[in-house]
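Visitor: If you scroll down you'll find the structure; I have some questions about it.
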Amino acid sequence: QQQQGGAAAPEAMPSATAAAPADQGGMPSTEVLESGSGLGPAPRAPPCLFVCVDLEWFELDQSKLLEIGWSMWDNVTTTHTSKHWIVAEHLNVVNSRYVPNHKHNFKFGSSSIGPGAEGAAALQRDLDVKAWWAQQQQQQGQAPCLVLVGHGMSSDLAMMADMGVVIPKDTLVVDTEQLCWACLGGDRAACQLSLRAVLSWLQVPDVSGLHNGGNDARYTMEAMLRMCAYQPAAGQSQAVQAVQTGEASRGVQAVQAA
């Protein structure tokens, strides 16, 4: 994600005194994730589809959308699928001044190239939690829940609205920057946490190709899953509890119950 104003924002590194979750190894997007395993008892959670979105736009003109990336995980099958859409209208427009160009370096599948409107429509279809639930042939029981995930989401949410993407009613939102500050017990207003810094703190292996929309969505989802398994130090437990009693609490519980 690019920040407003073009120039890259200063990068904060989480404190070295805050213990990160143990390294759980690489998790290819088409294989079962293990982040939610071994967490012990958790409150019964509804079936949840998590969709993490990351948009990349031209650093010198933020009206030019270059890439749409999204990654999906659910607490029913605990499988992970990632997608990457390159916007054909700006196929030859690349970033290089403030962020690297990794438009064609999607690591977790094959990129699609097409009009931005078609990419937005593809994302919209994957936000249809009722259609997802019907595919699971699980029509009975609790109603399914959609959780939208992102890192520093304000710009992405604004761009999604401009694209005509409608976020379904009652969607829960998990911002991994907020979640990380809660785990650390720090003040999120003090400094911005980049996705790279969060992944480093979480000891996510084999991180490369950041600022590709599909890769960033995939890594942000993994960061969210790992932080849901995070065991805070005594001085941090109150901050973690605070974020879990907010809007995202059901989403966090859904991961822990998987």
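Every chain in the structure tokens takes a letter, A first, then B, and so on in the order presented; its residues are numbered from 1, and the ligands are numbered from 1 following the presented order.
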Pick out the residues sitting within 8 Å of A:Asp126, and hand them over as a list in words; count only C-alpha atoms, and ignore anything fewer than 4 positions along from it in its own chain.
Guide: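 Surrounding residues, per the criterion: Val51, Ala122 and Trp132 of chain A.
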Visitor: Taking the DSSP secondary structure from the backbone, can you list the residues of stretch 36-243 of chain A that are helix (DSSP H, G or I), as number ranges by chain?
Guide: A: 88-90, 116-126, 129-135, 154-163, 176-184, 195-201, 213-228, 234-243
Visitor: Restricting the calculation to only C-alpha atoms: of A:Gln203, A:Thr176, A:Asn75, A:Ser82, which residue gets closest to A:Cys48?
Guide: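 Using only C-alpha atoms, the shortest distance to A:Cys48 belongs to A:Asn75.
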Visitor: Can you pull out every residue within 9 Å of A:Arg97, counting only C-alpha atoms, but drop anything in the same chain fewer than 2 positions away, and send it as a PyMOL selection string?
Guide: chain A and resi 7+59-60+95+99-100
Visitor: Would you mind telling me which residue in A:Val87, A:Val174, A:Val166, A:Leu146 lies nearest to A:Trp57 when using only C-alpha atoms?
Guide: A:Val87
Visitor: Show which residues sit within 8 Å of A:His151, as a PyMOL selection string. Count only C-alpha atoms, and ignore same-chain residues fewer than 5 positions away.
Guide: chain A and resi 54+175-177+195+220
